[in-house]
Protein chains: 2
Amino acid sequence: VEVISYGYTGKILHVDLTTGKTSVDQHDEVWYRTYMGGGCMSAWYLLNNMPAGIDPLGPENMLIFSIAPIVGAPVPTISRTIISAKSPLTNAFGETQMGGFFGPELKFAGWDAVIITGKAENPVYLWIQDDKVELRDARAIWGKDTLESQTAILDELGDKRIRVANIGPAGEKLVRFAAVLHNMKHACGRTGMGAVMGSKNLKAVAVRGSNKYESYDPDTLRDRASWFNKNYMSNVANKELNVYGTAGIVNGMNERGMLPTRNFRKGFFEDAEKVSGETMTETLLTKGEGCYVCPVRCKRVVETNDQWRVNPVFGGPEYETIGALGTNCEVSDLAAVSKGNEICNRLGLDTISTGMAISFAMECYENNLLSKDELSGLDDLNWGNSVSMVKLTEMIGNRQGLGDLLAEGTKRAAAKIGKGAEKFALEVKGQEIPLHEPRVKGMLGITYAVSELGAEHTRVEHDADFDEFAPQIFVDQAKVLGLLERLPCETIDEPKIRMYYYLQHHFSMLDSLGCCLFGFAPVRAYTMTDLVTIVNAATGWESSLWELMKLGERRWNMTRLFNIREGFNVSDDRLPDRYFTGLENGAMADRPIDRTEFNDALRLYYDMANWDPDTAVPRRAKLVELDLMWAADKLPDWLEQGKKLRADGNIER
Amino acid sequence: VEVISYGYTGKILHVDLTTGKTSVDQHDEVWYRTYMGGGCMSAWYLLNNMPAGIDPLGPENMLIFSIAPIVGAPVPTISRTIISAKSPLTNAFGETQMGGFFGPELKFAGWDAVIITGKAENPVYLWIQDDKVELRDARAIWGKDTLESQTAILDELGDKRIRVANIGPAGEKLVRFAAVLHNMKHACGRTGMGAVMGSKNLKAVAVRGSNKYESYDPDTLRDRASWFNKNYMSNVANKELNVYGTAGIVNGMNERGMLPTRNFRKGFFEDAEKVSGETMTETLLTKGEGCYVCPVRCKRVVETNDQWRVNPVFGGPEYETIGALGTNCEVSDLAAVSKGNEICNRLGLDTISTGMAISFAMECYENNLLSKDELSGLDDLNWGNSVSMVKLTEMIGNRQGLGDLLAEGTKRAAAKIGKGAEKFALEVKGQEIPLHEPRVKGMLGITYAVSELGAEHTRVEHDADFDEFAPQIFVDQAKVLGLLERLPCETIDEPKIRMYYYLQHHFSMLDSLGCCLFGFAPVRAYTMTDLVTIVNAATGWESSLWELMKLGERRWNMTRLFNIREGFNVSDDRLPDRYFTGLENGAMADRPIDRTEFNDALRLYYDMANWDPDTAVPRRAKLVELDLMWAADKLPDWLEQGKKLRADGNIER
C-alpha cells in the first residue's frame, strides 16, 4: 500500500523506568493523521503495547503524556497536555488534561509524546532537554509537595524556564484520584494519573525545549491568533471568563436550579452568591493567569491572610472545585474552598473526586453510616462545616484516618462502609460525578453513563438552548454540523441523541487535538471551520471537518475497545439512582430522569454509533469504517479476555 | 422548536397538468439545508407527496426538475439540472441530470424546482417566464423531434434566449429509456424521464428568467471562479477533457483492458483507436461546447458529409455513447456512432440504454435467440455492423419492429425473448449497465448493485490508484476525507468498502448540489474545501464538509427508502452473472469478480451504512442520525406496502 505523503512527522519518546532505557518511535504522516494526539494516540499505544488486565499501579501500566501536532503553534487555546494510562480509580481507560505551558515546551523539545513504563527502583524524575533525556535521583524530594519539589528541581537544573509536571504526597501514597500538577495550578486531575506516576516512583517530568514550533503556513496561524485576540472578549460571556474565571457560572447555575448542592440532592444553594466568581473577583482575587499565548487568562490566583492563609502560588478554585468542595458540601466560605483548592494542588489531588468524596462522607455521617468515632478527630462532618472540609481534604491527600478510606474513591469506600452507603456514592465506573446536573442537562446523563472515563463532563457537557445561557455556548457552533434547531435542555429524545452523537465526536476531536473547550465552544470563539484552517496551516495537510470528526469518533471507539478488553460491558454504562429521583429544591425540582427514557436513549445511541444495542460493542463495520481493521481483528479475543477479567473481579479491584 | 435562521429561501413551483392549476411551495432555510436540491429534494417530495405503487407512466407520477440553491452562481461546473420521478424503466427511484443552461435559467426565473403532476388532456408545453407560468398548446409539435419542436417553441415565444428541455418521439411513444434533451445536446438520459414527460402529454418546459443570481458573498464566488478559470487546464488530464472531450479516455481504457467490448465479454477492442477522442478531434470535430460559465467546453460538436450526414446541432458523442453504440457493439465507424448519437438526441433516447439494448440484441442474434426474420428488415445484426446499429437506434426511438421490443429495455425484452436471453441482458434493477467495467474497478460493481437507479456509474465510479490513470482522478481529492492510502483498483476488501462508503456520500452530495463531477473530481479542480466555501458564499450559511457529506448520505438513504416502499429488497442489489466470469481478452482478462467476496462486501457495506445486513433496510438509528425521524416513523408501513407491491408483481411491471 502506497502512502500519500503530506509533511508532518514527529517523535515519540519511550522511557522504561525499570531499565532506565529510552527509545524513540517515529510514525508516518498517515499514522499522525489517523491517531493525531491526546486520547486517540494514547489509546493506540495502550491497545497495542500494553496487555489487558494489568495492575494500574504496577510497572506494566503505560503512562502517556501526549501532545497533538498542533499544540505549540502560536495560537491561543491550543496548549493542552493529555495524560493517559489505565486508571487506578476505574480500572478503565484513564485520561486527564491540563493547559499551561508544559505541552508547548515538550513540543519545543521535539516530542509529540512521552511514554513511560516500568518502575524505578528509587524515586526519580525525568529531565528532557531537547534530545537529551535523563532520569535523575528524586529521593531528596520524595515526600515533598508540588511547590517544594518543583522549586528543588528548578534549582537543581538551574533554569527557571523549565516546565515541570509533578506529583505531591497524594500521588506517592497512591490516592486513587491523585493528580499531576504543572506549576502548582494546572491540574491533570481526573482518573488518578498522579497515582500511576507515584506507583512508578516517578516524581516529576521536567522539560525544556529550544526549538521553535515549525508550521506549514505561519501567516494563517498569525492571522487566526490575531483574530482571536481581537474578537474573543467582545462576547460578554467570554469576557466574563476573563473577569470571573470559570466560577462565573455559579450564580446562573443556581438560579436555574442546577447547582449541585448537598451531594446532588438539591439544585439550589442559598449561599451560592458567597462562593460565586463575582465574589471571588471582588474579594480574594489577586490576578488572572493564563496558558501559552492565551489572552483569556481564566485561571484564578487568590490570596488570603485570614485563618486559611491561602498561598497564591497554587492559583485559585475553578467552578468544579467550588462546586465540589463548596456548594455540594454546602460550604459557603470561599476562603475555605480556596484553602481546599490549595491543599489539592499542593498534595496533588483531583478537586472533583476529593470534594465528592467529602460530600459522600457528609451524607454517610448524616445517615449514621459513619459515626463520630470514625471521623479521625474531626469535630463533625455536618453539611457546611468548612473546617472539617479543609481538614478532610488534607487527610485524604496524606491518607490519614478517614482520609485513607476516602482516598480509595467513593465506590470502594462505600463498599467498605457497607450498610447501603453505595446509594450516596455518586460515581460512574468508579469515578466521581463532576459538578454538572444530568437532571437538567439531558445529554450529560448519557455522557456520564457512556464515557470511557466514568463520569466526565468534558465529553459533551452542554445542552442546546438552555434559556439565555446555553445559546452562548455550543449551539451556534453546532450549526456547522447540520444541527440546525435549538432543542430543550433536559430532553433525551431522538433529536437530542442525534445532537449528542455529533457533539460527542466534536468534543472527542478537540481532545485529540489538544484544544481548550473555551477556545472552540463559545460564540465568537474559533469556529470548527477555524479549527480545520488551523490544523491545515500548522501541519500542511489538507484536512476537513469530516476527517476531524471521524478522528473524534475513532478515539471514542478505541477507548471503548480498551474498556471492553478490561472487562467492562454495557451494564457499566449507568447513572446513580439519585438522578432518577427529583431534585429537592430549585427551579428544576421534582423532575427526575425517566428510567425508561434513559435506557431507550442509551440503546438508540449505541445503535446510532453502530454498536450492538444489546452489548454496546462496536460492530466490525464501524471499526472498518474508522480504519481500525487491526482492532476489529483483535476484538473477538478482547471480548474473551474482558469476560474472563470481569469474572475474575478485575474491574472491581 | 425554534429554527435558527440563515438567509436562503427559494420557491418551488407545482403544476398540475390535469387541472392546469399551479401553486407555490416555500420552505425555510433548515429545510433547504437538510434537503438542498437534486435527488435529495426530489426524494423528499416523492416520499411525502406521491403514493406508493403508482404507474410511473400514469398521471400520479410526479416529475421533478430540481435545481440546488448554488446552481446559477457564476461559478464554473455548477449548472446541473436534475430530473426525478418514479422510473418507468426500473419502477424504482428515477433520476437523471444534465448540464447546459436550463438550470441556471430556471434559477434566474426564481425557481428552485418545478414539480409536475397529472396529465394534460392534449399535448402542452410549460412556459415559465419569471413568476408567469403558462401551459401552452403543443399539439402542433407533438410528433416532432427535439430540434423541430425547440425551434417552433422559440419562434412562437419570440425569444432566442429561452432555454428549453423537451422530448422527441421516443418520449411520446413511452420508450422506457427515453431522454429529456436541452438544446438538442444536453441529455437527461437515464431512467426514462422522457417517457414520464410523454405520458403526461408534456412536450417541453421552456424557461426565461430576468433575475440575477443573488449570493451572500459575490467576491468569494468570483475569486473561486477566477481560480478555476486560471488553473483547471494546467492539469494535463483536465486539458484533455477540453481537447478530446470525455472520449479522451477510450484509448487508456482499452490499454488497461477495461473498454467494454462485445457486450462486456471483452475488455479490449482492436479498433478502439478509430473511435477515440483523439480521432474525433482530428476528424469530425468542428468545435467544443460548454455549459453555463464553464471554460472546459468538454461537449463535442461533430459534423460529417459522408453517408451519415451528421448534423452538428445535436452535438457529438460522449465516451458513454462511443462505448455503448461503438465499442460494445464492436462498431468502429466513428461517423456511424456520431449518427447514432444524433438520432438519440433527435428522437430523445438515452444513448447508454440504447447501445446496451443493441449489443444485447446482437448477442441474442449471435446465439440464435433472434432469427434473421425477427430483425424487422435489418440485413443482419452481427457485431460491428454499423448500418444495423444506426437503423436499430432509429427503430428503437420510433418503436418500430425489433426496436419496439428493445424500447421496453433489455430486461423486459429478454423476458419476452426467453430461451435464456436474460444472461445477455446486462442490467441491474432493469437499467442497462453503463460503459465502465466492474471487474476492473472494484467499487463499480458495488455501486451498480446498490444504486437506487439500477446500474449507474456516477454513484462512485472510480477506484483509487489505477496506475497512472486514476491518481489523476478522485484519489488526491479523497485525502481530505481521511482516505489517505492508495488502494489497488479491482479490490473490494474492507479498506475499499470504507473508501466506497465515504465516496458514495461525496458523489451523492455533489448530486444534491448540482455539481459536475469534472469540476470537483480531478486534480487541480475544485477541492471539497472549495465546495464548502462556494456553498457558504452562495447561501450565507456556515456549512461544512461534515454537513454536506451527511446531506449526501441522507439522499442515499431516502432513495433507498423510496425503493423499499416500492417493493425492492436486498435481492435486487445484484450484478449480472457475466461479471462473475472473466473478460475474454485484454490486460485484465480472466479476473472475474469473486462471488463470495462480492457478497461479503455488500454485507459489510450495509452494516457500515447502519443498514440491516440481512435486509439492507436502514436501521432506525441511522434515519434518526440523518434527521429523518419522519421517514423512520413511516418505515414500518413502507416495508409492508413494499412487500405487498412486490407480491403483486409491481416492480416487474
# chains A, B, ... in the order shown; residues from 1 in each chain; ligands from 1
$ residues_around --residues "range 641-649 of chain A" --least-positions-apart "2" --cutoff "8 Å" --atoms "only C-alpha atoms" --output "list in words"
Ala52, Gly53, Ile564, Arg565, Glu566, Gly567, Phe568, Asp637, Trp638, Leu639, Ile651, Glu652 and Arg653 of chain A
$ select_by_dssp --residues "range 24-181 of chain B" --states "strand (DSSP E)" --output "ChimeraX atom specification"
/B:24-26,63-66,81-86,93-98,113-117,124-129,132-137,163-166,180-181
$ write_last_selection --atoms "N, CA and C atoms" --output "compact mmCIF listing (two decimals), in the first residue's frame"
# COMPACT_ATOMS: atom_id res chain seq x y z
N VAL B 24 -47.43 27.36 -5.35
CA VAL B 24 -46.04 27.62 -4.97
C VAL B 24 -45.78 27.12 -3.55
N ASP B 25 -44.69 26.39 -3.38
CA ASP B 25 -44.21 25.96 -2.06
C ASP B 25 -43.07 26.85 -1.61
N GLN B 26 -43.08 27.19 -0.35
CA GLN B 26 -41.87 27.80 0.18
C GLN B 26 -41.46 27.08 1.45
N LEU B 63 -43.16 14.42 -11.61
CA LEU B 63 -41.94 14.70 -12.37
C LEU B 63 -41.32 15.97 -11.82
N ILE B 64 -40.09 15.86 -11.36
CA ILE B 64 -39.47 16.98 -10.63
C ILE B 64 -38.20 17.46 -11.32
N PHE B 65 -38.21 18.71 -11.72
CA PHE B 65 -36.98 19.36 -12.18
C PHE B 65 -36.43 20.11 -10.96
N SER B 66 -35.26 19.72 -10.47
CA SER B 66 -34.81 20.44 -9.28
C SER B 66 -33.39 20.97 -9.42
N THR B 81 -29.02 20.36 -13.84
CA THR B 81 -30.45 20.21 -13.61
C THR B 81 -30.72 18.73 -13.36
N ILE B 82 -31.48 18.45 -12.32
CA ILE B 82 -31.79 17.05 -12.02
C ILE B 82 -33.28 16.82 -12.27
N ILE B 83 -33.58 15.77 -12.99
CA ILE B 83 -34.98 15.39 -13.20
C ILE B 83 -35.23 14.06 -12.50
N SER B 84 -36.27 14.03 -11.70
CA SER B 84 -36.60 12.80 -10.96
C SER B 84 -38.08 12.46 -11.11
N ALA B 85 -38.38 11.21 -10.93
CA ALA B 85 -39.75 10.68 -10.89
C ALA B 85 -39.61 9.20 -10.59
N LYS B 86 -40.70 8.52 -10.40
CA LYS B 86 -40.61 7.06 -10.39
C LYS B 86 -40.30 6.62 -11.81
N PHE B 93 -36.72 4.48 -7.86
CA PHE B 93 -36.43 5.90 -7.90
C PHE B 93 -35.74 6.22 -9.23
N GLY B 94 -36.25 7.23 -9.94
CA GLY B 94 -35.65 7.62 -11.20
C GLY B 94 -34.97 8.97 -11.07
N GLU B 95 -33.83 9.11 -11.69
CA GLU B 95 -33.13 10.39 -11.63
C GLU B 95 -32.14 10.47 -12.76
N THR B 96 -31.98 11.65 -13.29
CA THR B 96 -31.03 11.86 -14.38
C THR B 96 -30.67 13.33 -14.37
N GLN B 97 -29.50 13.64 -14.86
CA GLN B 97 -29.11 15.05 -14.80
C GLN B 97 -28.41 15.52 -16.05
N MET B 98 -28.44 16.83 -16.24
CA MET B 98 -27.78 17.42 -17.41
C MET B 98 -27.15 18.75 -17.04
N ALA B 113 -37.26 24.56 -8.04
CA ALA B 113 -37.76 23.29 -8.56
C ALA B 113 -39.09 23.52 -9.25
N VAL B 114 -39.39 22.63 -10.19
CA VAL B 114 -40.70 22.59 -10.83
C VAL B 114 -41.21 21.16 -10.69
N ILE B 115 -42.37 21.02 -10.09
CA ILE B 115 -42.91 19.69 -9.81
C ILE B 115 -44.20 19.52 -10.60
N ILE B 116 -44.18 18.53 -11.48
CA ILE B 116 -45.28 18.38 -12.43
C ILE B 116 -46.03 17.09 -12.15
N THR B 117 -47.33 17.21 -11.95
CA THR B 117 -48.17 16.03 -11.73
C THR B 117 -49.33 16.05 -12.73
N VAL B 124 -49.16 19.62 -24.36
CA VAL B 124 -48.89 21.00 -23.96
C VAL B 124 -47.38 21.18 -23.76
N TYR B 125 -46.99 22.43 -23.69
CA TYR B 125 -45.66 22.69 -23.11
C TYR B 125 -45.81 23.76 -22.04
N LEU B 126 -44.86 23.72 -21.11
CA LEU B 126 -44.91 24.61 -19.95
C LEU B 126 -43.98 25.78 -20.21
N TRP B 127 -44.54 26.96 -20.07
CA TRP B 127 -43.74 28.18 -20.36
C TRP B 127 -43.65 29.00 -19.07
N ILE B 128 -42.41 29.13 -18.59
CA ILE B 128 -42.15 29.83 -17.33
C ILE B 128 -41.33 31.08 -17.61
N GLN B 129 -41.93 32.22 -17.34
CA GLN B 129 -41.21 33.48 -17.52
C GLN B 129 -41.26 34.19 -16.17
N LYS B 132 -44.48 34.27 -14.16
CA LYS B 132 -45.57 33.95 -15.09
C LYS B 132 -45.42 32.50 -15.55
N VAL B 133 -46.44 31.73 -15.29
CA VAL B 133 -46.39 30.30 -15.64
C VAL B 133 -47.58 29.97 -16.52
N GLU B 134 -47.34 29.32 -17.63
CA GLU B 134 -48.40 29.11 -18.62
C GLU B 134 -48.27 27.72 -19.25
N LEU B 135 -49.40 27.06 -19.42
CA LEU B 135 -49.41 25.82 -20.19
C LEU B 135 -49.88 26.17 -21.59
N ARG B 136 -49.08 25.83 -22.59
CA ARG B 136 -49.42 26.23 -23.96
C ARG B 136 -49.64 24.99 -24.82
N ASP B 137 -50.47 25.15 -25.79
CA ASP B 137 -50.84 24.06 -26.70
C ASP B 137 -49.61 23.53 -27.44
N ARG B 163 -34.63 28.98 -22.69
CA ARG B 163 -34.00 27.66 -22.58
C ARG B 163 -35.10 26.61 -22.56
N VAL B 164 -34.91 25.56 -23.33
CA VAL B 164 -35.95 24.54 -23.50
C VAL B 164 -35.42 23.17 -23.08
N ALA B 165 -36.24 22.43 -22.36
CA ALA B 165 -36.00 20.99 -22.13
C ALA B 165 -37.18 20.27 -22.76
N ASN B 166 -36.92 19.39 -23.70
CA ASN B 166 -38.05 18.78 -24.41
C ASN B 166 -37.82 17.30 -24.70
N VAL B 180 -34.75 13.31 -21.82
CA VAL B 180 -35.17 14.70 -21.95
C VAL B 180 -33.94 15.45 -22.45
N LEU B 181 -34.11 16.24 -23.49
CA LEU B 181 -32.98 16.97 -24.06
C LEU B 181 -33.11 18.46 -23.80
$ closest_atom_pairs --of "range 135-229 of chain B" --to "range 393-401 of chain B" --cutoff "8 Å" --atoms "only C-alpha atoms" --output "tab-separated table"
residue	atom	partner	partner_atom	distance
B:Pro169	CA	B:Asn398	CA	6.4
B:Ala170	CA	B:Gly397	CA	4.6
B:Lys173	CA	B:Arg399	CA	7.1
B:Val175	CA	B:Gly397	CA	7.0
B:Ala178	CA	B:Gly397	CA	7.9
$ interface_residues --of "chain B" --to "chain A" --cutoff "7 Å" --atoms "only C-alpha atoms" --output "list of chain:residue names"
B:Val1, B:Glu2, B:Val3, B:Ile4, B:Val30, B:Val480, B:Leu481, B:Gly482, B:Leu484, B:Glu485, B:Arg486, B:Leu487, B:Glu494, B:Arg498, B:Glu542, B:Ser543, B:Ser544, B:Leu545, B:Trp546, B:Glu547, B:Leu604, B:Asp607, B:Met608, B:Asn610, B:Ala621, B:Lys622, B:Val624, B:Glu625
$ residues_around --residues "range 419-436 of chain A" --least-positions-apart "3" --cutoff "7 Å" --atoms "only C-alpha atoms" --output "ChimeraX atom specification"
/A:89-90,191,260,320,323-324,352-353,356,360,363-364,369,410-411,414-415,448-449,454-457,572,574-576
$ write_last_selection --atoms "N, CA and C atoms" --output "mmCIF file, in the first residue's frame"
data_model
loop_
_atom_site.group_PDB
_atom_site.id
_atom_site.type_symbol
_atom_site.label_atom_id
_atom_site.label_comp_id
_atom_site.auth_asym_id
_atom_site.auth_seq_id
_atom_site.Cartn_x
_atom_site.Cartn_y
_atom_site.Cartn_z
ATOM 1 N N LEU A 89 -8.335 4.383 39.489
ATOM 2 C CA LEU A 89 -9.618 4.712 40.109
ATOM 3 C C LEU A 89 -10.726 3.846 39.515
ATOM 4 N N THR A 90 -10.659 3.631 38.198
ATOM 5 C CA THR A 90 -11.762 2.946 37.493
ATOM 6 C C THR A 90 -11.364 1.587 36.942
ATOM 7 N N THR A 191 -9.059 10.684 37.015
ATOM 8 C CA THR A 191 -8.728 9.260 36.796
ATOM 9 C C THR A 191 -7.408 8.804 37.412
ATOM 10 N N PRO A 260 -25.091 21.886 41.928
ATOM 11 C CA PRO A 260 -25.076 20.711 42.803
ATOM 12 C C PRO A 260 -24.886 21.107 44.273
ATOM 13 N N GLU A 320 -15.510 23.865 39.078
ATOM 14 C CA GLU A 320 -15.679 22.483 39.548
ATOM 15 C C GLU A 320 -15.285 22.352 41.017
ATOM 16 N N GLY A 323 -17.820 23.925 43.228
ATOM 17 C CA GLY A 323 -18.953 23.012 43.326
ATOM 18 C C GLY A 323 -18.651 21.833 44.243
ATOM 19 N N ALA A 324 -17.469 21.273 44.080
ATOM 20 C CA ALA A 324 -17.144 20.035 44.800
ATOM 21 C C ALA A 324 -16.868 20.282 46.274
ATOM 22 N N ILE A 352 -12.352 17.500 42.102
ATOM 23 C CA ILE A 352 -13.717 16.973 41.925
ATOM 24 C C ILE A 352 -13.909 15.723 42.783
ATOM 25 N N SER A 353 -13.041 14.747 42.594
ATOM 26 C CA SER A 353 -13.199 13.495 43.349
ATOM 27 C C SER A 353 -13.037 13.733 44.839
ATOM 28 N N MET A 356 -16.233 15.369 46.079
ATOM 29 C CA MET A 356 -17.331 14.413 46.031
ATOM 30 C C MET A 356 -17.164 13.327 47.088
ATOM 31 N N PHE A 360 -19.879 12.811 49.973
ATOM 32 C CA PHE A 360 -20.314 11.430 50.231
ATOM 33 C C PHE A 360 -20.183 11.100 51.723
ATOM 34 N N GLU A 363 -22.805 12.816 53.807
ATOM 35 C CA GLU A 363 -24.117 12.185 53.756
ATOM 36 C C GLU A 363 -24.121 10.874 54.540
ATOM 37 N N CYS A 364 -23.010 10.158 54.500
ATOM 38 C CA CYS A 364 -22.905 8.948 55.335
ATOM 39 C C CYS A 364 -23.033 9.323 56.817
ATOM 40 N N LEU A 369 -24.063 6.326 58.941
ATOM 41 C CA LEU A 369 -23.227 5.238 58.414
ATOM 42 C C LEU A 369 -21.778 5.461 58.815
ATOM 43 N N THR A 410 -14.945 6.988 46.215
ATOM 44 C CA THR A 410 -16.220 6.762 46.895
ATOM 45 C C THR A 410 -16.760 5.356 46.674
ATOM 46 N N LYS A 411 -16.498 4.794 45.506
ATOM 47 C CA LYS A 411 -17.058 3.475 45.220
ATOM 48 C C LYS A 411 -16.486 2.429 46.180
ATOM 49 N N ALA A 414 -17.511 3.209 49.803
ATOM 50 C CA ALA A 414 -18.890 2.797 50.096
ATOM 51 C C ALA A 414 -18.978 1.300 50.316
ATOM 52 N N ALA A 415 -18.233 0.554 49.507
ATOM 53 C CA ALA A 415 -18.258 -0.908 49.655
ATOM 54 C C ALA A 415 -17.716 -1.301 51.029
ATOM 55 N N TYR A 448 -22.253 10.913 31.056
ATOM 56 C CA TYR A 448 -21.724 10.285 32.268
ATOM 57 C C TYR A 448 -21.777 8.764 32.148
ATOM 58 N N ALA A 449 -22.896 8.285 31.644
ATOM 59 C CA ALA A 449 -23.085 6.831 31.600
ATOM 60 C C ALA A 449 -22.135 6.155 30.627
ATOM 61 N N GLY A 454 -15.594 6.841 33.001
ATOM 62 C CA GLY A 454 -16.566 7.026 34.068
ATOM 63 C C GLY A 454 -17.061 8.446 33.976
ATOM 64 N N ALA A 455 -17.737 8.900 35.022
ATOM 65 C CA ALA A 455 -18.388 10.211 34.943
ATOM 66 C C ALA A 455 -17.396 11.298 34.548
ATOM 67 N N GLU A 456 -17.713 12.000 33.500
ATOM 68 C CA GLU A 456 -16.804 13.009 32.966
ATOM 69 C C GLU A 456 -17.641 14.001 32.178
ATOM 70 N N HIS A 457 -17.454 15.287 32.476
ATOM 71 C CA HIS A 457 -18.330 16.271 31.845
ATOM 72 C C HIS A 457 -17.777 16.838 30.550
ATOM 73 N N ASP A 572 -22.143 -1.426 32.742
ATOM 74 C CA ASP A 572 -21.373 -0.369 33.410
ATOM 75 C C ASP A 572 -21.741 1.027 32.911
ATOM 76 N N ARG A 574 -24.104 3.358 33.239
ATOM 77 C CA ARG A 574 -25.262 3.576 34.092
ATOM 78 C C ARG A 574 -25.089 4.907 34.818
ATOM 79 N N LEU A 575 -26.144 5.311 35.472
ATOM 80 C CA LEU A 575 -26.134 6.515 36.308
ATOM 81 C C LEU A 575 -26.552 6.108 37.715
ATOM 82 N N PRO A 576 -26.036 6.787 38.738
ATOM 83 C CA PRO A 576 -26.504 6.500 40.102
ATOM 84 C C PRO A 576 -28.010 6.724 40.224
#
$ residues_around --residues "range 261-269 of chain A" --least-positions-apart "3" --cutoff "6 Å" --atoms "only C-alpha atoms" --output "ChimeraX atom specification"
/A:254,257-258,272,327-330,359,583-586
$ atom_distance --atom1 "CA of Pro51 in chain A" --atom2 "CA of Arg555 in chain A"
18.9 Å
$ residues_around --residues "Asp380 in chain B" --least-positions-apart "3" --cutoff "12 Å" --atoms "only C-alpha atoms" --output "VMD selection string"
chain B and resid 361 to 366 368 370 to 377 383 to 389 391 to 392
$ write_last_selection --atoms "N, CA and C atoms" --output "PDB file, in the first residue's frame"
ATOM      1  N   ALA B 361     -29.117  -7.262 -28.266  1.00  0.00           N
ATOM      2  CA  ALA B 361     -29.767  -7.885 -29.431  1.00  0.00           C
ATOM      3  C   ALA B 361     -28.740  -8.587 -30.306  1.00  0.00           C
ATOM      4  N   MET B 362     -27.567  -7.961 -30.452  1.00  0.00           N
ATOM      5  CA  MET B 362     -26.513  -8.593 -31.252  1.00  0.00           C
ATOM      6  C   MET B 362     -26.106  -9.937 -30.666  1.00  0.00           C
ATOM      7  N   GLU B 363     -26.000  -9.989 -29.353  1.00  0.00           N
ATOM      8  CA  GLU B 363     -25.600 -11.257 -28.746  1.00  0.00           C
ATOM      9  C   GLU B 363     -26.725 -12.292 -28.861  1.00  0.00           C
ATOM     10  N   CYS B 364     -27.961 -11.828 -28.745  1.00  0.00           N
ATOM     11  CA  CYS B 364     -29.093 -12.743 -28.962  1.00  0.00           C
ATOM     12  C   CYS B 364     -29.052 -13.306 -30.391  1.00  0.00           C
ATOM     13  N   TYR B 365     -28.739 -12.425 -31.331  1.00  0.00           N
ATOM     14  CA  TYR B 365     -28.676 -12.850 -32.739  1.00  0.00           C
ATOM     15  C   TYR B 365     -27.540 -13.845 -32.935  1.00  0.00           C
ATOM     16  N   GLU B 366     -26.380 -13.531 -32.354  1.00  0.00           N
ATOM     17  CA  GLU B 366     -25.218 -14.439 -32.456  1.00  0.00           C
ATOM     18  C   GLU B 366     -25.569 -15.819 -31.919  1.00  0.00           C
ATOM     19  N   ASN B 368     -28.549 -17.133 -31.835  1.00  0.00           N
ATOM     20  CA  ASN B 368     -29.782 -17.646 -32.447  1.00  0.00           C
ATOM     21  C   ASN B 368     -31.022 -17.492 -31.587  1.00  0.00           C
ATOM     22  N   LEU B 370     -32.462 -14.553 -31.592  1.00  0.00           N
ATOM     23  CA  LEU B 370     -33.208 -13.727 -32.553  1.00  0.00           C
ATOM     24  C   LEU B 370     -32.825 -14.263 -33.933  1.00  0.00           C
ATOM     25  N   SER B 371     -33.836 -14.540 -34.727  1.00  0.00           N
ATOM     26  CA  SER B 371     -33.546 -15.025 -36.083  1.00  0.00           C
ATOM     27  C   SER B 371     -33.518 -13.837 -37.043  1.00  0.00           C
ATOM     28  N   LYS B 372     -33.023 -14.089 -38.240  1.00  0.00           N
ATOM     29  CA  LYS B 372     -32.990 -13.040 -39.265  1.00  0.00           C
ATOM     30  C   LYS B 372     -34.401 -12.493 -39.495  1.00  0.00           C
ATOM     31  N   ASP B 373     -35.402 -13.353 -39.405  1.00  0.00           N
ATOM     32  CA  ASP B 373     -36.796 -12.936 -39.625  1.00  0.00           C
ATOM     33  C   ASP B 373     -37.279 -11.937 -38.579  1.00  0.00           C
ATOM     34  N   GLU B 374     -36.646 -12.016 -37.451  1.00  0.00           N
ATOM     35  CA  GLU B 374     -37.096 -11.137 -36.360  1.00  0.00           C
ATOM     36  C   GLU B 374     -36.364  -9.805 -36.345  1.00  0.00           C
ATOM     37  N   LEU B 375     -35.560  -9.552 -37.394  1.00  0.00           N
ATOM     38  CA  LEU B 375     -34.740  -8.338 -37.390  1.00  0.00           C
ATOM     39  C   LEU B 375     -35.442  -7.158 -38.048  1.00  0.00           C
ATOM     40  N   SER B 376     -36.705  -7.317 -38.418  1.00  0.00           N
ATOM     41  CA  SER B 376     -37.517  -6.216 -38.970  1.00  0.00           C
ATOM     42  C   SER B 376     -36.829  -5.550 -40.158  1.00  0.00           C
ATOM     43  N   GLY B 377     -36.186  -6.395 -40.981  1.00  0.00           N
ATOM     44  CA  GLY B 377     -35.634  -5.850 -42.222  1.00  0.00           C
ATOM     45  C   GLY B 377     -34.164  -5.506 -42.177  1.00  0.00           C
ATOM     46  N   TRP B 383     -21.910  -8.416 -34.854  1.00  0.00           N
ATOM     47  CA  TRP B 383     -21.014  -7.489 -34.168  1.00  0.00           C
ATOM     48  C   TRP B 383     -20.344  -6.583 -35.190  1.00  0.00           C
ATOM     49  N   GLY B 384     -20.361  -5.316 -34.927  1.00  0.00           N
ATOM     50  CA  GLY B 384     -19.622  -4.380 -35.777  1.00  0.00           C
ATOM     51  C   GLY B 384     -20.395  -3.854 -36.967  1.00  0.00           C
ATOM     52  N   ASN B 385     -21.636  -4.298 -37.148  1.00  0.00           N
ATOM     53  CA  ASN B 385     -22.413  -3.823 -38.299  1.00  0.00           C
ATOM     54  C   ASN B 385     -22.961  -2.424 -37.996  1.00  0.00           C
ATOM     55  N   SER B 386     -22.260  -1.424 -38.507  1.00  0.00           N
ATOM     56  CA  SER B 386     -22.595  -0.043 -38.154  1.00  0.00           C
ATOM     57  C   SER B 386     -23.931   0.381 -38.764  1.00  0.00           C
ATOM     58  N   VAL B 387     -24.238  -0.123 -39.933  1.00  0.00           N
ATOM     59  CA  VAL B 387     -25.510   0.240 -40.578  1.00  0.00           C
ATOM     60  C   VAL B 387     -26.685  -0.267 -39.748  1.00  0.00           C
ATOM     61  N   SER B 388     -26.588  -1.516 -39.309  1.00  0.00           N
ATOM     62  CA  SER B 388     -27.667  -2.075 -38.487  1.00  0.00           C
ATOM     63  C   SER B 388     -27.778  -1.334 -37.171  1.00  0.00           C
ATOM     64  N   MET B 389     -26.622  -0.983 -36.600  1.00  0.00           N
ATOM     65  CA  MET B 389     -26.639  -0.240 -35.332  1.00  0.00           C
ATOM     66  C   MET B 389     -27.417   1.056 -35.498  1.00  0.00           C
ATOM     67  N   LYS B 391     -29.587   1.950 -37.875  1.00  0.00           N
ATOM     68  CA  LYS B 391     -31.005   1.710 -38.184  1.00  0.00           C
ATOM     69  C   LYS B 391     -31.780   1.284 -36.951  1.00  0.00           C
ATOM     70  N   LEU B 392     -31.154   0.407 -36.157  1.00  0.00           N
ATOM     71  CA  LEU B 392     -31.857  -0.099 -34.972  1.00  0.00           C
ATOM     72  C   LEU B 392     -32.061   1.020 -33.942  1.00  0.00           C
TER      73      LEU B 392
END
